[in-house]
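Asks: Pasting input.txt below, which is compact mmCIF, C-alpha atoms.
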# COMPACT_ATOMS: atom_id res chain seq x y z
CA MET I 168 2.30 -83.19 8.49
CA SER I 169 4.28 -86.31 7.59
CA VAL I 170 7.09 -86.95 5.11
CA LEU I 171 5.91 -89.00 2.15
CA ALA I 172 9.08 -89.17 0.04
CA LEU I 173 12.58 -87.75 -0.39
CA ALA I 174 14.80 -87.68 -3.48
CA VAL I 175 18.37 -86.37 -3.62
CA THR I 176 20.72 -85.76 -6.52
CA GLY I 177 23.16 -88.59 -7.03
CA ARG I 178 21.15 -90.96 -4.86
CA GLY I 179 17.63 -90.85 -6.19
CA LEU I 180 14.68 -91.83 -4.02
CA ILE I 181 15.85 -92.60 -0.49
CA ASP I 182 14.49 -93.26 2.97
CA PRO I 183 13.50 -89.87 4.45
CA ALA I 184 15.30 -90.87 7.65
CA GLU I 185 18.64 -91.05 5.79
CA PRO I 186 21.10 -88.12 6.15
CA VAL I 187 21.36 -86.10 2.95
CA ILE I 188 23.37 -82.90 3.69
CA ARG I 189 27.12 -82.92 4.30
CA ALA I 190 28.26 -81.42 7.57
CA ASP I 191 30.36 -78.87 5.66
CA ASP I 192 27.60 -77.85 3.24
CA GLU I 193 27.21 -74.07 3.47
CA ALA I 194 23.46 -74.58 3.62
CA LEU I 195 24.01 -75.97 7.11
CA LEU I 196 26.91 -73.78 8.20
CA ARG I 197 25.73 -70.42 6.81
CA GLY I 198 22.18 -70.86 5.57
CA ARG I 199 23.31 -70.53 1.95
CA ALA I 200 20.52 -72.40 0.21
CA ALA I 201 17.36 -71.50 -1.69
CA PHE I 202 14.05 -73.31 -1.50
CA GLU I 203 10.54 -73.37 -2.91
CA THR I 204 7.36 -74.90 -1.54
CA LEU I 205 4.43 -75.67 -3.79
CA ARG I 206 1.20 -77.59 -3.64
CA VAL I 207 0.53 -80.86 -5.43
CA TYR I 208 -3.07 -81.40 -6.53
CA GLY I 209 -4.20 -84.88 -7.54
CA GLY I 210 -0.58 -85.93 -7.88
CA ARG I 211 0.32 -82.96 -10.11
CA PRO I 212 2.48 -79.99 -9.01
CA PHE I 213 0.83 -76.61 -9.57
CA ARG I 214 2.90 -74.11 -11.55
CA LEU I 215 6.15 -75.99 -11.06
CA GLU I 216 7.95 -73.98 -13.72
CA ALA I 217 7.05 -70.68 -12.02
CA HIS I 218 8.48 -72.02 -8.77
CA LEU I 219 11.64 -73.17 -10.55
CA ASP I 220 11.96 -69.68 -12.04
CA ARG I 221 11.77 -68.16 -8.57
CA LEU I 222 14.21 -70.75 -7.17
CA THR I 223 16.65 -69.85 -9.95
CA ALA I 224 16.33 -66.15 -9.13
CA SER I 225 16.77 -66.75 -5.38
CA ALA I 226 19.88 -68.87 -5.97
CA ALA I 227 21.39 -66.16 -8.16
CA SER I 228 20.72 -63.48 -5.52
CA ILE I 229 22.38 -65.59 -2.83
CA GLY I 230 25.36 -66.32 -5.09
CA LEU I 231 24.77 -70.05 -5.35
CA PRO I 232 25.83 -72.15 -8.34
CA ALA I 233 23.28 -71.91 -11.14
CA VAL I 234 20.21 -74.06 -10.55
CA GLU I 235 20.12 -77.13 -12.77
CA ARG I 236 16.42 -77.32 -13.52
CA ARG I 237 16.59 -80.73 -15.18
CA ARG I 238 18.09 -82.29 -12.06
CA LEU I 239 15.29 -80.89 -9.95
CA GLN I 240 12.63 -81.96 -12.44
CA VAL I 241 13.97 -85.51 -12.26
CA LEU I 242 13.76 -85.46 -8.46
CA VAL I 243 10.19 -84.17 -8.64
CA GLY I 244 9.32 -87.04 -10.97
CA LEU I 245 10.71 -89.50 -8.43
CA VAL I 246 8.71 -88.28 -5.43
CA LEU I 247 5.36 -87.45 -7.05
CA PRO I 248 4.12 -91.06 -7.29
CA LYS I 249 4.28 -91.19 -3.49
CA ALA I 250 1.42 -88.68 -3.40
CA SER I 251 -0.76 -91.57 -4.65
CA GLY I 252 -2.74 -89.21 -6.86
CA GLY I 253 -3.72 -86.99 -3.94
CA ASP I 254 -2.76 -83.58 -2.58
CA ALA I 255 0.61 -82.94 -0.99
CA SER I 256 3.21 -80.28 -0.29
CA LEU I 257 6.44 -80.35 -2.31
CA ARG I 258 9.60 -78.61 -1.15
CA LEU I 259 12.60 -78.13 -3.45
CA VAL I 260 15.98 -77.16 -2.00
CA TRP I 261 19.16 -76.07 -3.79
CA THR I 262 22.22 -75.77 -1.56
CA ALA I 263 25.63 -74.13 -1.98
CA GLY I 264 27.44 -77.37 -1.16
CA PRO I 265 30.81 -77.38 0.65
CA THR I 266 33.32 -74.64 -0.14
CA GLY I 267 34.74 -75.45 -3.55
CA GLY I 268 32.39 -78.42 -3.91
CA VAL I 269 29.21 -79.10 -5.82
CA PRO I 270 25.69 -78.03 -4.84
CA SER I 271 23.06 -80.44 -3.62
CA ALA I 272 19.43 -80.63 -4.67
CA LEU I 273 16.57 -82.39 -2.95
CA ALA I 274 12.83 -82.80 -3.32
CA LEU I 275 10.79 -83.44 -0.20
CA LEU I 276 7.14 -84.51 -0.43
CA ASN I 277 4.94 -83.98 2.63
CA SER I 278 1.31 -84.40 3.50
CA ILE I 279 -0.82 -81.23 3.72
CA PRO I 280 -0.93 -79.95 7.34
CA ASP I 281 -4.25 -80.97 8.85
CA TRP I 282 -4.85 -77.58 10.51
CA ILE I 283 -5.29 -75.69 7.23
CA GLU I 284 -8.87 -76.59 6.32
CA PRO I 285 -10.27 -76.02 9.84
CA ALA I 286 -8.49 -72.64 9.92
CA ARG I 287 -9.97 -71.72 6.54
CA GLU I 288 -13.43 -72.66 7.79
CA ARG I 289 -13.26 -70.52 10.94
CA GLY I 290 -10.94 -67.83 9.59
CA ALA I 291 -7.38 -67.22 10.75
CA THR I 292 -6.15 -64.77 13.39
CA ALA I 293 -2.95 -62.74 13.24
CA VAL I 294 -0.71 -60.33 15.08
CA SER I 295 1.47 -57.61 13.52
CA LEU I 296 5.21 -57.70 14.26
CA LEU I 297 8.06 -55.42 13.29
CA GLY I 298 9.82 -56.52 10.13
CA VAL I 299 12.47 -55.09 7.81
CA ARG I 300 11.68 -53.61 4.42
CA ALA I 301 14.21 -55.44 2.26
CA SER I 302 14.76 -52.73 -0.35
CA ALA I 303 18.57 -52.86 -0.56
CA PRO I 304 19.93 -55.74 -2.69
CA TRP I 305 22.19 -57.03 0.11
CA LEU I 306 19.05 -57.60 2.20
CA LEU I 307 17.94 -60.11 -0.47
CA PRO I 308 14.47 -58.71 -1.21
CA GLY I 309 12.00 -61.32 -2.41
CA VAL I 310 14.44 -64.20 -1.90
CA LYS I 311 13.43 -67.54 -0.40
CA SER I 312 16.52 -68.74 1.43
CA THR I 313 16.88 -71.26 4.23
CA SER I 314 18.07 -68.41 6.47
CA TYR I 315 14.56 -68.47 7.89
CA ALA I 316 15.17 -67.94 11.59
CA VAL I 317 13.38 -64.58 11.80
CA ASN I 318 10.27 -65.94 10.07
CA MET I 319 10.20 -68.99 12.34
CA ALA I 320 10.68 -66.80 15.42
CA ALA I 321 7.75 -64.65 14.28
CA GLU I 322 5.58 -67.74 13.84
CA ALA I 323 6.54 -68.89 17.33
CA GLU I 324 5.66 -65.46 18.75
CA ALA I 325 2.29 -65.59 17.01
CA ARG I 326 1.59 -68.99 18.57
CA ARG I 327 2.72 -67.67 21.97
CA ARG I 328 0.11 -64.94 21.63
CA GLY I 329 -2.53 -67.50 20.72
CA VAL I 330 -3.00 -66.59 17.04
CA ASP I 331 -2.37 -68.36 13.74
CA GLU I 332 -0.20 -65.95 11.78
CA ALA I 333 2.24 -63.04 12.05
CA LEU I 334 2.13 -60.08 9.67
CA PHE I 335 5.26 -57.99 9.24
CA VAL I 336 5.08 -54.18 9.28
CA ASP I 337 8.04 -51.83 8.90
CA ALA I 338 9.08 -49.09 11.33
CA GLU I 339 6.62 -46.66 9.71
CA GLY I 340 3.73 -49.10 10.10
CA ILE I 341 3.62 -50.08 6.42
CA LEU I 342 2.23 -53.57 5.95
CA LEU I 343 4.62 -55.97 4.20
CA GLU I 344 3.73 -59.68 4.24
CA GLY I 345 3.15 -62.69 6.46
CA THR I 346 5.87 -65.07 7.58
CA VAL I 347 5.08 -67.43 4.68
CA THR I 348 2.22 -65.58 2.98
CA ASN I 349 1.22 -62.54 0.98
CA VAL I 350 -1.46 -60.26 2.45
CA TRP I 351 -4.67 -58.93 0.87
CA TRP I 352 -7.71 -56.90 1.87
CA ARG I 353 -10.85 -55.67 0.14
CA ARG I 354 -12.73 -52.39 0.07
CA ALA I 355 -15.89 -52.60 -2.08
CA ASP I 356 -14.79 -54.25 -5.35
CA THR I 357 -11.05 -53.46 -5.02
CA LEU I 358 -8.44 -55.85 -3.67
CA PHE I 359 -5.35 -54.24 -2.14
CA THR I 360 -1.99 -55.94 -1.63
CA PRO I 361 1.52 -54.66 -0.81
CA SER I 362 3.68 -53.94 -3.83
CA LEU I 363 6.67 -56.09 -4.74
CA GLU I 364 8.68 -52.84 -4.66
CA LEU I 365 8.56 -53.13 -0.85
CA GLY I 366 10.91 -56.11 -1.10
CA ILE I 367 8.28 -58.75 -0.35
CA LEU I 368 8.14 -62.20 -1.86
CA ALA I 369 6.67 -62.43 -5.36
CA GLY I 370 4.27 -65.20 -4.42
CA VAL I 371 3.20 -67.59 -7.17
CA THR I 372 -0.27 -67.78 -5.62
CA ARG I 373 -0.24 -63.98 -5.33
CA ALA I 374 0.31 -63.78 -9.10
CA THR I 375 -2.46 -66.34 -9.64
CA ILE I 376 -4.92 -64.27 -7.60
CA ILE I 377 -4.07 -61.19 -9.67
CA GLU I 378 -4.98 -63.25 -12.74
CA LEU I 379 -8.21 -64.58 -11.23
CA ALA I 380 -9.50 -61.39 -9.60
CA PRO I 381 -11.12 -59.83 -12.71
CA GLU I 382 -13.19 -62.92 -13.46
CA CYS I 383 -14.44 -62.79 -9.85
CA GLY I 384 -15.45 -59.15 -10.29
CA TYR I 385 -12.54 -57.46 -8.50
CA ARG I 386 -9.78 -55.12 -9.54
CA VAL I 387 -6.35 -55.23 -7.88
CA GLU I 388 -4.35 -52.29 -6.56
CA GLU I 389 -0.73 -52.75 -5.43
CA GLY I 390 1.08 -50.17 -3.34
CA SER I 391 2.45 -49.07 0.03
CA TYR I 392 -0.25 -49.13 2.70
CA PRO I 393 -0.36 -48.76 6.49
CA LEU I 394 -1.70 -51.66 8.53
CA GLU I 395 -4.65 -49.48 9.52
CA GLN I 396 -6.05 -49.82 6.00
CA LEU I 397 -6.34 -53.57 6.41
CA LEU I 398 -7.92 -53.15 9.84
CA ALA I 399 -10.56 -50.84 8.33
CA SER I 400 -11.26 -53.08 5.34
CA ASP I 401 -14.38 -55.04 4.41
CA GLU I 402 -12.41 -58.28 4.58
CA ALA I 403 -8.84 -59.54 4.58
CA PHE I 404 -7.00 -62.73 3.70
CA THR I 405 -3.58 -64.19 3.00
CA SER I 406 -2.33 -66.32 0.13
CA SER I 407 0.35 -68.97 -0.25
CA SER I 408 0.95 -72.11 -2.26
CA VAL I 409 0.12 -74.59 0.50
CA ARG I 410 -2.42 -72.59 2.52
CA GLU I 411 -4.03 -71.21 -0.67
CA VAL I 412 -6.51 -68.38 0.14
CA MET I 413 -6.88 -68.04 3.91
CA PRO I 414 -9.47 -65.59 5.36
CA LEU I 415 -8.33 -63.36 8.21
CA VAL I 416 -10.95 -62.59 10.86
CA GLU I 417 -8.83 -60.91 13.53
CA VAL I 418 -5.60 -58.87 13.52
CA ASP I 419 -4.03 -57.45 16.69
CA GLY I 420 -7.16 -58.36 18.62
CA ARG I 421 -9.41 -56.36 16.29
CA ALA I 422 -12.13 -58.13 14.35
CA VAL I 423 -11.93 -58.05 10.55
CA GLY I 424 -15.11 -58.65 8.58
CA ARG I 425 -15.43 -61.85 6.63
CA GLY I 426 -16.66 -61.28 3.08
CA PRO I 427 -17.12 -63.12 -0.22
CA ALA I 428 -13.82 -62.41 -1.99
CA ALA I 429 -11.67 -64.95 -0.15
CA ASP I 430 -14.16 -67.75 -0.73
CA GLU I 431 -14.70 -66.77 -4.37
CA LEU I 432 -10.96 -66.64 -5.07
CA GLN I 433 -10.40 -69.97 -3.32
CA THR I 434 -13.11 -71.52 -5.49
CA ALA I 435 -11.61 -69.93 -8.62
CA LEU I 436 -8.15 -71.20 -7.67
CA ARG I 437 -9.41 -74.76 -7.29
CA ALA I 438 -11.29 -74.46 -10.61
CA LEU I 439 -8.08 -73.32 -12.32
CA VAL I 440 -6.18 -76.24 -10.82
CA ALA I 441 -8.79 -78.65 -12.19
CA LYS I 442 -8.21 -77.32 -15.73
CA VAL I 443 -4.44 -77.83 -15.83
Please, can you express the file's structure as structure tokens?
Replies:
Amino acid sequence: MSVLALAVTGRGLIDPAEPVIRADDEALLRGRAAFETLRVYGGRPFRLEAHLDRLTASAASIGLPAVERRRLQVLVGLVLPKASGGDASLRLVWTAGPTGGVPSALALLNSIPDWIEPARERGATAVSLLGVRASAPWLLPGVKSTSYAVNMAAEAEARRRGVDEALFVDAEGILLEGTVTNVWWRRADTLFTPSLELGILAGVTRATIIELAPECGYRVEEGSYPLEQLLASDEAFTSSSVREVMPLVEVDGRAVGRGPAADELQTALRALVAKV
């Protein structure tokens, strides 16, 4: 993955090698910043407004100054031409700024990681790791903040174990989500996914799959489920904005069947993108 462009409030489009965050910005000192990552298709961001809605909600939960959507939209407009009409990954960040100061906003455009399509072709592998059910408001349920050390540590542990992904389960074995993904599995014509009431991220792609499932012949059930239900399913997959629909073929060393739903939903997602 390579950086294609960077735009920052007050400075516009700048060299990605230039420093952009003050040393006393609370984003750096305390992790007080919110972010969103979305996919750009053919030079166009997919469901940008939904991501800005979620960024606004995350910032409010963290206690950041209110997100100024217009400033972020301007930054997006500056970096998108650097996609050259192709696909890319777009990250938006809204920081607290220094104590008593003003927040910072930036838009970072990156190439799509080259491992994603090969992983989709062969199917991804995963390991389950203990996570925390973020039900209390002070645990910031469903918030995307830059305090991401636990997620990154889980990704590193997954790589250490030789797999692609980590799936969080709580102390009772209830399946929550991946480090940067939502989790799904299928039994017959029903798709199951953990409920947002468990404190997981309300993924934009997750919501899109819920929309697309009926036209692909599936119904969706959300709830609280043990990991064992996924392991006994007909197929399983994850979803995220950049990785899209990613089949899972192994979890905790146990094979998971590969079925049609993941491929059908991926095709439906791309068809939807082509219409907008």
Asks: Taking all atoms listed in the file into account, name the residue in I:Val330, I:Ala226, I:Leu415, I:Leu343 that is nearest to Gly298 (chain I).
Replies: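 Among the listed residues, the smallest separation from Gly298 (chain I) belongs to I:Leu343.
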Asks: For Met413 (chain I), which residue among I:Asp337, I:Glu332, I:Asp401, I:Glu378 is the nearest when counting only C-alpha atoms?
Replies: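 Closest candidate: I:Glu332.
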Asks: Name all residues at most 6 Å from Thr405 (chain I) (count all atoms listed in the file; drop same-chain ones fewer than 6 positions away) and give them as a list in words.
Replies: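 Counting all atoms listed in the file, the residues come to Thr348, Asn349, Val350, Trp351, Val412 and Met413 of chain I.
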Asks: Between I:Pro183, I:Ser271, I:Thr313, I:Ala217, which one has atoms that come closest to Ala200 (chain I), using only C-alpha atoms?
Replies: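 Of I:Pro183, I:Ser271, I:Thr313, I:Ala217, the one nearest Ala200 (chain I), counting only C-alpha atoms, is I:Thr313.
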Asks: Have a look at I:Gly366, I:Pro381, I:Gly179, I:Pro414 and name the one nearest to Ala303 (chain I); count all atoms listed in the file.
Replies: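 Closest candidate: I:Gly366.
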Asks: Quick check, in Å to one decimal: how far apart do CA of Arg300 (chain I) and CA of Leu436 (chain I) lie?
Replies: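 If I compute the distance from CA of Arg300 (chain I) to CA of Leu436 (chain I), I get 29.1 Å.
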Asks: Taking only C-alpha atoms into account, name the residue in I:Val170, I:Ala399, I:Leu296, I:Ala316 that is nearest to Arg258 (chain I).
Replies: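 Looking only at the distances to Arg258 (chain I), the closest residue turns out to be I:Val170.
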Asks: Write out as a compact mmCIF listing (two decimals) with C-alpha atoms, in the frame of the given file each polymer residue whose atoms come within 12 Å of Leu297 (chain I), counting all atoms listed in the file; drop sequence neighbours fewer than 4 positions from it.
Replies:
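Output (out22.txt):
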# COMPACT_ATOMS: atom_id res chain seq x y z
CA VAL I 317 13.38 -64.58 11.80
CA ASN I 318 10.27 -65.94 10.07
CA ALA I 320 10.68 -66.80 15.42
CA ALA I 321 7.75 -64.65 14.28
CA GLU I 324 5.66 -65.46 18.75
CA ALA I 333 2.24 -63.04 12.05
CA LEU I 334 2.13 -60.08 9.67
CA PHE I 335 5.26 -57.99 9.24
CA VAL I 336 5.08 -54.18 9.28
CA ASP I 337 8.04 -51.83 8.90
CA ALA I 338 9.08 -49.09 11.33
CA GLU I 339 6.62 -46.66 9.71
CA GLY I 340 3.73 -49.10 10.10
CA ILE I 341 3.62 -50.08 6.42
CA LEU I 342 2.23 -53.57 5.95
CA LEU I 343 4.62 -55.97 4.20
CA GLU I 344 3.73 -59.68 4.24
CA GLY I 345 3.15 -62.69 6.46
CA THR I 346 5.87 -65.07 7.58
CA LEU I 394 -1.70 -51.66 8.53
Asks: Residues near Leu231 (chain I), anyone? I mean within 9 Å using only C-alpha atoms, not counting same-chain ones fewer than 3 positions away, as a PyMOL selection string.
Replies: chain I and resi 199-201+225-228+234+261-264+270
Asks: When distances are computed from all atoms listed in the file, which of I:Ala255, I:Glu288, I:Cys383, I:Ser314 shows the smallest separation from Leu195 (chain I)?
Replies: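 Result for the nearest residue to Leu195 (chain I): I:Ser314.
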Asks: Write out all heavy atoms for region 276-287 of chain I, as a compact mmCIF listing (two decimals), in the frame of the given file.
Replies:
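Saved result, part_25.txt, follows:
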# COMPACT_ATOMS: atom_id res chain seq x y z
N LEU I 276 8.59 -84.47 -0.31
CA LEU I 276 7.14 -84.51 -0.43
C LEU I 276 6.53 -84.75 0.94
O LEU I 276 6.90 -85.69 1.63
CB LEU I 276 6.73 -85.61 -1.40
CG LEU I 276 5.26 -85.63 -1.83
CD1 LEU I 276 4.97 -84.50 -2.80
CD2 LEU I 276 4.91 -86.98 -2.47
N ASN I 277 5.60 -83.88 1.33
CA ASN I 277 4.94 -83.98 2.63
C ASN I 277 3.43 -83.99 2.47
O ASN I 277 2.89 -83.51 1.46
CB ASN I 277 5.31 -82.78 3.52
CG ASN I 277 6.77 -82.76 3.91
OD1 ASN I 277 7.23 -83.57 4.68
ND2 ASN I 277 7.50 -81.79 3.36
N SER I 278 2.76 -84.51 3.47
CA SER I 278 1.31 -84.40 3.50
C SER I 278 0.92 -82.95 3.77
O SER I 278 1.72 -82.16 4.29
CB SER I 278 0.74 -85.31 4.59
OG SER I 278 1.23 -84.93 5.86
N ILE I 279 -0.31 -82.57 3.44
CA ILE I 279 -0.82 -81.23 3.72
C ILE I 279 -1.12 -81.14 5.21
O ILE I 279 -1.77 -82.02 5.78
CB ILE I 279 -2.10 -80.95 2.91
CG1 ILE I 279 -1.80 -81.01 1.41
CG2 ILE I 279 -2.69 -79.59 3.29
CD1 ILE I 279 -0.87 -79.95 0.91
N PRO I 280 -0.64 -80.10 5.90
CA PRO I 280 -0.93 -79.95 7.34
C PRO I 280 -2.44 -80.00 7.60
O PRO I 280 -3.23 -79.35 6.90
CB PRO I 280 -0.34 -78.58 7.67
CG PRO I 280 0.74 -78.38 6.66
CD PRO I 280 0.24 -79.02 5.40
N ASP I 281 -2.82 -80.76 8.61
CA ASP I 281 -4.25 -80.97 8.85
C ASP I 281 -4.95 -79.79 9.50
O ASP I 281 -6.18 -79.79 9.62
CB ASP I 281 -4.48 -82.26 9.67
CG ASP I 281 -3.75 -82.24 11.01
OD1 ASP I 281 -3.25 -81.17 11.42
OD2 ASP I 281 -3.68 -83.30 11.65
N TRP I 282 -4.21 -78.74 9.90
CA TRP I 282 -4.85 -77.58 10.51
C TRP I 282 -5.38 -76.58 9.49
O TRP I 282 -6.18 -75.70 9.82
CB TRP I 282 -3.88 -76.85 11.44
CG TRP I 282 -2.67 -76.27 10.74
CD1 TRP I 282 -1.45 -76.86 10.62
CD2 TRP I 282 -2.57 -75.01 10.08
NE1 TRP I 282 -0.60 -76.05 9.90
CE2 TRP I 282 -1.26 -74.91 9.57
CE3 TRP I 282 -3.46 -73.96 9.87
CZ2 TRP I 282 -0.81 -73.80 8.85
CZ3 TRP I 282 -3.04 -72.85 9.14
CH2 TRP I 282 -1.72 -72.78 8.66
N ILE I 283 -4.99 -76.72 8.22
CA ILE I 283 -5.29 -75.69 7.23
C ILE I 283 -6.79 -75.57 6.94
O ILE I 283 -7.36 -74.48 6.99
CB ILE I 283 -4.50 -75.94 5.92
CG1 ILE I 283 -3.01 -75.68 6.17
CG2 ILE I 283 -5.02 -75.06 4.79
CD1 ILE I 283 -2.13 -75.91 4.96
N GLU I 284 -7.45 -76.67 6.65
CA GLU I 284 -8.87 -76.59 6.32
C GLU I 284 -9.73 -76.11 7.49
O GLU I 284 -10.62 -75.26 7.29
CB GLU I 284 -9.37 -77.91 5.76
CG GLU I 284 -8.81 -78.23 4.37
CD GLU I 284 -9.01 -77.12 3.36
OE1 GLU I 284 -10.09 -76.46 3.38
OE2 GLU I 284 -8.09 -76.87 2.56
N PRO I 285 -9.51 -76.60 8.72
CA PRO I 285 -10.27 -76.02 9.84
C PRO I 285 -10.03 -74.53 10.01
O PRO I 285 -10.96 -73.77 10.33
CB PRO I 285 -9.77 -76.82 11.05
CG PRO I 285 -9.33 -78.13 10.48
CD PRO I 285 -8.75 -77.79 9.14
N ALA I 286 -8.79 -74.08 9.80
CA ALA I 286 -8.49 -72.64 9.92
C ALA I 286 -9.20 -71.85 8.83
O ALA I 286 -9.71 -70.75 9.07
CB ALA I 286 -6.99 -72.41 9.85
N ARG I 287 -9.27 -72.41 7.62
CA ARG I 287 -9.97 -71.72 6.54
C ARG I 287 -11.47 -71.60 6.85
O ARG I 287 -12.12 -70.60 6.58
CB ARG I 287 -9.77 -72.45 5.21
CG ARG I 287 -10.19 -71.62 4.02
CD ARG I 287 -10.12 -72.31 2.67
NE ARG I 287 -9.22 -73.40 2.56
CZ ARG I 287 -7.92 -73.32 2.26
NH1 ARG I 287 -7.37 -72.13 2.06
NH2 ARG I 287 -7.16 -74.40 2.17
